[in-house]
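Structure first, then comments.
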Amino acid sequence: MADTVNKTLDPRLNRRGFLKGCTMAAAALGLSDAMIPKMVEAAASGERPRVIWLHFQECTGCTESLLRSSHPDLARLILDIISLDYHETVMAAAGHQAEHNLHDTVNNHPFILVVEGAIPTKENGIYCQIAGKPAMEILAEVAPKASAIIAIGTCATFGGVQAAAPNPTGAVGVWDLVKDKPIVNIPGCPPNPVSFLGTILHYLTFKKLPKLDKLNRPTFAYGRRIHDHCERRAHFDEGRFVEQFGDEAHKQGYCLYKVGCKGPETFSNCPAVRFNDVGVWPVSVGHGCIGCTEPDFWDTMTPFYERLPNVKIPGTGIIEDADNIGKKVLGVTAAAIGVHAAVGVGKRLIKGKGDSHE
């Protein structure tokens, strides 16, 4: 397997980085160590799926976060296991040559379509045009011929900031327009590159897309609330909260819920799979989650620095509650022992009376 890896890979991506990237993806997918060799073999097989990557209404942040990932270099790993036939940000071709590459792949080869950015629909989509065509028209031409579609980033999945009220351009996500193709939504502003890599490697390894939730998000990345595996969760359970940014509780790393953290209503793997190799994420460095992986988060999660209204705040905390429960249990137990002892004494007395009577 090692020889296959070394022969297939871009020489700039060493074997160690390749294996580390596959291991990270396997861990994110929740696969056992026994599956890593199979994943590595699939990634190094040379069967590089063709990919068309379309950019619409977006800031290119999803691509930038992917290109700037490091330790391992996920961008180089991904670009080595796929054939990226069209991508406006990274391809050398431009103008007519770029359009030729796009249409040649669409008309002559199986491909996976990746969409980054929302699609404006008002006034026939005039608010985003490429090569003289509205984004709506381009998507309508390319999507029907794709084997599968990956919408990357919250703009492509749910419309993003462009779709925030009053949504002047009529921005929507891919799945609002495409109904007859398998679509994987990988939301986030931006999403973690490992979530994208995991989806691609799952497709290569198992020849199918990963399991999805009701919002078409892969459950390996979006199957748990941020709140459930946040390192500040223990403080929430104990009722220890930051009341305002910069206070002593903030310095102590207490829970950020009261200053607006949307972790209790947001599904993502942010606490477990972190960007690059620095080992931090927004909540760990003191800023609450803004819920960017959820639909319409610009409307439903704002104001960002006010707490969600329907989350029950713990009262005395688990430890104190446990102590109180423990005391009650001990009290009940002691009472039960006392009752048991009294019954025993009573039985002996009754027996004694019976013996004397005889």
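Naming works like this for the structure tokens: A, B, ... for the chains as they're shown, residue 1 at the start of each chain, ligands 1 onward in shown order.
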
Quick one: residues within 8 Å of A:Ala146, only C-alpha atoms counted, chain neighbours fewer than 2 positions away excluded, as an MDAnalysis selection string? chainID A and resid 106 110:113 142:144 148:149 181

Those residues you just picked out, can you put them in a file as a PDB file, in the first residue's frame with N, CA, C and O atoms?
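So part.pdb came out as:
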```
ATOM      1  N   VAL A 106     -18.958  18.469 -18.743  1.00  0.00           N
ATOM      2  CA  VAL A 106     -20.407  18.269 -18.591  1.00  0.00           C
ATOM      3  C   VAL A 106     -20.944  17.330 -19.668  1.00  0.00           C
ATOM      4  O   VAL A 106     -21.775  16.453 -19.393  1.00  0.00           O
ATOM      5  N   PRO A 110     -18.632  11.551 -16.631  1.00  0.00           N
ATOM      6  CA  PRO A 110     -19.337  11.597 -15.337  1.00  0.00           C
ATOM      7  C   PRO A 110     -18.587  12.519 -14.387  1.00  0.00           C
ATOM      8  O   PRO A 110     -17.349  12.580 -14.421  1.00  0.00           O
ATOM      9  N   PHE A 111     -19.308  13.234 -13.553  1.00  0.00           N
ATOM     10  CA  PHE A 111     -18.647  14.191 -12.665  1.00  0.00           C
ATOM     11  C   PHE A 111     -19.494  14.438 -11.430  1.00  0.00           C
ATOM     12  O   PHE A 111     -20.704  14.183 -11.414  1.00  0.00           O
ATOM     13  N   ILE A 112     -18.839  14.909 -10.379  1.00  0.00           N
ATOM     14  CA  ILE A 112     -19.500  15.388  -9.174  1.00  0.00           C
ATOM     15  C   ILE A 112     -19.549  16.910  -9.268  1.00  0.00           C
ATOM     16  O   ILE A 112     -18.544  17.547  -9.607  1.00  0.00           O
ATOM     17  N   LEU A 113     -20.690  17.482  -8.961  1.00  0.00           N
ATOM     18  CA  LEU A 113     -20.824  18.933  -8.976  1.00  0.00           C
ATOM     19  C   LEU A 113     -20.705  19.473  -7.560  1.00  0.00           C
ATOM     20  O   LEU A 113     -21.407  19.014  -6.652  1.00  0.00           O
ATOM     21  N   VAL A 142     -25.968  22.348 -15.739  1.00  0.00           N
ATOM     22  CA  VAL A 142     -24.932  21.444 -15.240  1.00  0.00           C
ATOM     23  C   VAL A 142     -25.492  20.377 -14.302  1.00  0.00           C
ATOM     24  O   VAL A 142     -25.133  19.196 -14.391  1.00  0.00           O
ATOM     25  N   ALA A 143     -26.390  20.755 -13.392  1.00  0.00           N
ATOM     26  CA  ALA A 143     -26.868  19.839 -12.355  1.00  0.00           C
ATOM     27  C   ALA A 143     -27.486  18.547 -12.890  1.00  0.00           C
ATOM     28  O   ALA A 143     -27.216  17.466 -12.343  1.00  0.00           O
ATOM     29  N   PRO A 144     -28.318  18.576 -13.954  1.00  0.00           N
ATOM     30  CA  PRO A 144     -28.957  17.334 -14.414  1.00  0.00           C
ATOM     31  C   PRO A 144     -27.974  16.248 -14.852  1.00  0.00           C
ATOM     32  O   PRO A 144     -28.313  15.064 -14.830  1.00  0.00           O
ATOM     33  N   ALA A 148     -23.702  13.392  -8.579  1.00  0.00           N
ATOM     34  CA  ALA A 148     -24.146  13.834  -7.258  1.00  0.00           C
ATOM     35  C   ALA A 148     -23.742  15.287  -7.098  1.00  0.00           C
ATOM     36  O   ALA A 148     -22.886  15.801  -7.839  1.00  0.00           O
ATOM     37  N   ILE A 149     -24.354  15.959  -6.144  1.00  0.00           N
ATOM     38  CA  ILE A 149     -24.071  17.376  -5.908  1.00  0.00           C
ATOM     39  C   ILE A 149     -23.682  17.580  -4.457  1.00  0.00           C
ATOM     40  O   ILE A 149     -24.349  17.070  -3.552  1.00  0.00           O
ATOM     41  N   LYS A 181     -31.688  15.114  -7.933  1.00  0.00           N
ATOM     42  CA  LYS A 181     -30.321  14.617  -7.807  1.00  0.00           C
ATOM     43  C   LYS A 181     -29.982  14.450  -6.334  1.00  0.00           C
ATOM     44  O   LYS A 181     -30.474  15.205  -5.484  1.00  0.00           O
TER      45      LYS A 181
END
```

For stretch 112-231 of chain A versus stretch 62-66 of chain A, which residues have an atom no more than 12 Å away, and what is each residue's nearest atom pair and distance in Å rounded to one decimal, using only C-alpha atoms, chain-then-number order, as a Markdown table?
```
| residue | atom | partner | partner_atom | distance |
| --- | --- | --- | --- | --- |
| A:Val114 | CA | A:Thr63 | CA | 11.0 |
| A:Val115 | CA | A:Cys62 | CA | 10.4 |
| A:Glu116 | CA | A:Cys62 | CA | 7.3 |
| A:Gly117 | CA | A:Cys62 | CA | 9.1 |
| A:Ala151 | CA | A:Cys62 | CA | 10.7 |
| A:Ile152 | CA | A:Cys62 | CA | 7.1 |
| A:Gly153 | CA | A:Cys62 | CA | 6.1 |
| A:Thr154 | CA | A:Cys62 | CA | 9.3 |
| A:Cys155 | CA | A:Cys62 | CA | 9.8 |
| A:Ala156 | CA | A:Cys62 | CA | 10.3 |
| A:Ile186 | CA | A:Cys62 | CA | 10.3 |
| A:Pro187 | CA | A:Cys62 | CA | 9.7 |
| A:Gly188 | CA | A:Cys62 | CA | 8.4 |
| A:Cys189 | CA | A:Cys62 | CA | 7.2 |
| A:Pro190 | CA | A:Cys62 | CA | 5.0 |
| A:Pro191 | CA | A:Cys62 | CA | 6.6 |
| A:Asn192 | CA | A:Ser65 | CA | 7.8 |
| A:Pro193 | CA | A:Leu66 | CA | 5.4 |
| A:Val194 | CA | A:Leu66 | CA | 8.8 |
| A:Ser195 | CA | A:Leu66 | CA | 10.5 |
| A:Phe196 | CA | A:Leu66 | CA | 9.0 |
| A:Leu197 | CA | A:Leu66 | CA | 9.6 |
```

File dump, residues just selected, C-alpha atoms, as a compact mmCIF listing (two decimals), in the first residue's frame:
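Saved result, out_20.txt, follows:
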```
# COMPACT_ATOMS: atom_id res chain seq x y z
CA VAL A 114 -19.70 21.15 -6.10
CA VAL A 115 -21.55 24.43 -5.66
CA GLU A 116 -20.26 27.29 -3.52
CA GLY A 117 -22.57 30.27 -3.08
CA ALA A 151 -23.34 22.16 -1.73
CA ILE A 152 -20.46 23.57 0.30
CA GLY A 153 -20.97 26.43 2.73
CA THR A 154 -24.14 27.92 4.18
CA CYS A 155 -24.72 30.11 1.11
CA ALA A 156 -24.96 27.12 -1.23
CA ILE A 186 -22.09 20.85 4.01
CA PRO A 187 -23.05 24.12 5.71
CA GLY A 188 -20.82 26.43 7.71
CA CYS A 189 -19.43 29.90 7.27
CA PRO A 190 -17.04 28.43 6.34
CA PRO A 191 -17.40 24.67 6.88
CA ASN A 192 -14.50 22.60 8.15
CA PRO A 193 -12.49 21.19 5.19
CA VAL A 194 -12.43 17.80 6.94
CA SER A 195 -16.20 17.55 6.49
CA PHE A 196 -15.76 17.98 2.74
CA LEU A 197 -12.79 15.61 2.63
```

I'd like the contact shell of A:Thr266 - 8 Å cut-off, only C-alpha atoms, skipping same-chain residues fewer than 5 positions apart - returned as a PyMOL selection string. chain A and resi 225-227+291-294

Give the answer as one residue: which of A:Arg48, A:Arg224, A:His103, A:His87 has the shortest atom-to-atom distance to A:Glu265, using only C-alpha atoms? A:Arg224

Pick out each residue of stretch 145-330 of chain A that DSSP on the backbone tags as helix (DSSP H, G or I); I need them as a PyMOL selection string. chain A and resi 145+154-158+160-163+174-176+193-206+219-222+226-229+233-237+248-251+257-259+263-265+282-285+297-300+318-330

From A:His250, A:Arg307, A:Lys122, A:Arg68, residue lying nearest A:Gly170 [only C-alpha atoms]: A:Lys122

Surrounding residues of A:Ile138 excluding itself and chain neighbours under 5 positions, 10 Å, only C-alpha atoms, as a list in words: Leu54, Phe56, Gln129, Ile130, Ala131, Lys133 and Ala143 of chain A

At what distance in Å, to one decimal, does atom CA of A:Gly263 lie from atom CA of A:Asp299?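 Computing the Euclidean distance for atom CA of A:Asp299 and atom CA of A:Gly263 yields 16.0 Å.
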
Give me the residues within 10 Å of A:Gln252 as a compact mmCIF listing (two decimals) with N, CA and C atoms, in the first residue's frame, counting only C-alpha atoms and dropping any in the same chain fewer than 4 places off.
```
# COMPACT_ATOMS: atom_id res chain seq x y z
N ARG A 240 -22.56 27.90 35.70
CA ARG A 240 -21.49 28.91 35.73
C ARG A 240 -21.45 29.59 34.36
N PHE A 241 -21.83 30.88 34.31
CA PHE A 241 -21.98 31.57 33.04
C PHE A 241 -21.18 32.87 32.99
N VAL A 242 -20.75 33.20 31.77
CA VAL A 242 -20.22 34.53 31.49
C VAL A 242 -21.42 35.48 31.42
N GLY A 246 -15.42 39.79 28.97
CA GLY A 246 -14.35 40.42 29.71
C GLY A 246 -14.47 40.30 31.21
N ASP A 247 -15.60 39.76 31.71
CA ASP A 247 -15.73 39.63 33.15
C ASP A 247 -14.88 38.46 33.66
N GLU A 248 -14.86 38.26 34.95
CA GLU A 248 -14.01 37.23 35.54
C GLU A 248 -14.42 35.84 35.07
```

Have a look at atom CA of A:Pro264 and atom CA of A:Asp228 and let me know their distance in Å, one decimal. 7.6 Å

So that I can check the surroundings of stretch 164-167 of chain A, please list as a ChimeraX atom specification every protein, DNA and RNA residue that reaches within 9 Å of it, counting only C-alpha atoms and ignoring chain neighbours fewer than 6 positions away. /A:296-299

Please produce an output containing N, CA and C atoms for each residue in the selection, written as a CSV table (one decimal), in the first residue's frame.
```csv
chain,number,residue,atom,x,y,z
A,296,ASP,N,-31.2,29.7,7.6
A,296,ASP,CA,-31.7,31.0,8.0
A,296,ASP,C,-31.0,31.6,9.2
A,297,PHE,N,-29.8,31.2,9.5
A,297,PHE,CA,-29.2,31.6,10.8
A,297,PHE,C,-29.1,33.1,10.9
A,298,TRP,N,-29.0,33.8,9.8
A,298,TRP,CA,-28.8,35.3,10.0
A,298,TRP,C,-30.1,35.9,10.5
A,299,ASP,N,-31.2,35.2,10.3
A,299,ASP,CA,-32.5,35.7,10.8
A,299,ASP,C,-32.9,35.0,12.2
```

From stretch 111-243 of chain A, collect each residue whose DSSP state is strand (DSSP E) and return the set as a list in words. Ile112, Leu113, Val114, Val115, Glu116, Ile119, Pro120, Gln129, Ile130, Lys133, Pro134, Ala148, Ile149, Ile150, Ala151, Ile152, Ala171, Val172, Ile183, Val184, Asn185 and Ile186 of chain A

Output file for the selection above: N, CA, C and O atoms, as a CSV table (one decimal), in the first residue's frame:
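The file below, again29.csv, is the result:
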```csv
chain,number,residue,atom,x,y,z
A,112,ILE,N,-18.8,14.9,-10.4
A,112,ILE,CA,-19.5,15.4,-9.2
A,112,ILE,C,-19.5,16.9,-9.3
A,112,ILE,O,-18.5,17.5,-9.6
A,113,LEU,N,-20.7,17.5,-9.0
A,113,LEU,CA,-20.8,18.9,-9.0
A,113,LEU,C,-20.7,19.5,-7.6
A,113,LEU,O,-21.4,19.0,-6.7
A,114,VAL,N,-19.8,20.4,-7.4
A,114,VAL,CA,-19.7,21.1,-6.1
A,114,VAL,C,-20.2,22.6,-6.4
A,114,VAL,O,-19.7,23.2,-7.3
A,115,VAL,N,-21.1,23.1,-5.5
A,115,VAL,CA,-21.6,24.4,-5.7
A,115,VAL,C,-21.2,25.2,-4.4
A,115,VAL,O,-21.5,24.8,-3.3
A,116,GLU,N,-20.6,26.4,-4.6
A,116,GLU,CA,-20.3,27.3,-3.5
A,116,GLU,C,-21.0,28.6,-3.8
A,116,GLU,O,-20.8,29.2,-4.8
A,119,ILE,N,-27.9,31.1,-5.0
A,119,ILE,CA,-28.3,31.3,-6.4
A,119,ILE,C,-29.4,32.3,-6.3
A,119,ILE,O,-30.5,32.1,-5.7
A,120,PRO,N,-29.2,33.5,-6.9
A,120,PRO,CA,-30.3,34.5,-6.9
A,120,PRO,C,-31.4,34.2,-7.9
A,120,PRO,O,-31.1,33.7,-9.0
A,129,GLN,N,-24.1,36.6,-12.7
A,129,GLN,CA,-23.9,36.1,-14.0
A,129,GLN,C,-22.5,35.8,-14.3
A,129,GLN,O,-21.6,36.5,-13.8
A,130,ILE,N,-22.3,34.7,-15.0
A,130,ILE,CA,-20.9,34.2,-15.4
A,130,ILE,C,-21.0,33.9,-16.9
A,130,ILE,O,-21.9,33.2,-17.3
A,133,LYS,N,-24.3,34.4,-18.5
A,133,LYS,CA,-25.4,33.6,-18.1
A,133,LYS,C,-25.7,33.7,-16.6
A,133,LYS,O,-24.8,33.7,-15.8
A,134,PRO,N,-27.0,33.8,-16.2
A,134,PRO,CA,-27.3,33.8,-14.8
A,134,PRO,C,-27.0,32.5,-14.1
A,134,PRO,O,-27.0,31.5,-14.8
A,148,ALA,N,-23.7,13.4,-8.6
A,148,ALA,CA,-24.1,13.8,-7.3
A,148,ALA,C,-23.7,15.3,-7.1
A,148,ALA,O,-22.9,15.8,-7.8
A,149,ILE,N,-24.4,16.0,-6.1
A,149,ILE,CA,-24.1,17.4,-5.9
A,149,ILE,C,-23.7,17.6,-4.5
A,149,ILE,O,-24.3,17.1,-3.6
A,150,ILE,N,-22.6,18.3,-4.2
A,150,ILE,CA,-22.2,18.7,-2.9
A,150,ILE,C,-22.3,20.3,-2.8
A,150,ILE,O,-21.6,21.0,-3.6
A,151,ALA,N,-23.2,20.7,-2.0
A,151,ALA,CA,-23.3,22.2,-1.7
A,151,ALA,C,-22.5,22.5,-0.5
A,151,ALA,O,-22.7,22.0,0.6
A,152,ILE,N,-21.4,23.3,-0.8
A,152,ILE,CA,-20.5,23.6,0.3
A,152,ILE,C,-20.6,25.0,0.8
A,152,ILE,O,-20.7,26.0,0.0
A,171,ALA,N,-32.2,35.1,-3.0
A,171,ALA,CA,-31.1,34.0,-3.0
A,171,ALA,C,-31.7,32.8,-2.3
A,171,ALA,O,-32.4,32.8,-1.3
A,172,VAL,N,-31.3,31.6,-2.9
A,172,VAL,CA,-31.7,30.3,-2.3
A,172,VAL,C,-30.5,29.4,-2.4
A,172,VAL,O,-29.5,29.6,-3.0
A,183,ILE,N,-28.2,15.2,-3.2
A,183,ILE,CA,-27.5,16.5,-2.7
A,183,ILE,C,-27.0,16.3,-1.3
A,183,ILE,O,-27.7,15.9,-0.4
A,184,VAL,N,-25.7,16.6,-1.1
A,184,VAL,CA,-25.1,16.6,0.2
A,184,VAL,C,-24.9,18.1,0.6
A,184,VAL,O,-24.2,18.8,-0.1
A,185,ASN,N,-25.5,18.5,1.7
A,185,ASN,CA,-25.3,19.9,2.2
A,185,ASN,C,-24.2,19.9,3.2
A,185,ASN,O,-24.3,19.1,4.2
A,186,ILE,N,-23.2,20.7,3.0
A,186,ILE,CA,-22.1,20.8,4.0
A,186,ILE,C,-22.1,22.3,4.4
A,186,ILE,O,-21.3,23.1,3.9
```

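For the pair atom CA of A:Pro182 and atom CA of A:Ala135, the interatomic distance is 19.7 Å.
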
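The shell of residues at most 7 Å from A:Ile290, with only C-alpha atoms counted and near chain neighbours (fewer than 2 positions) removed, consists of Cys261, Lys262, Gly288, Cys292, Met301 and Phe304 of chain A.
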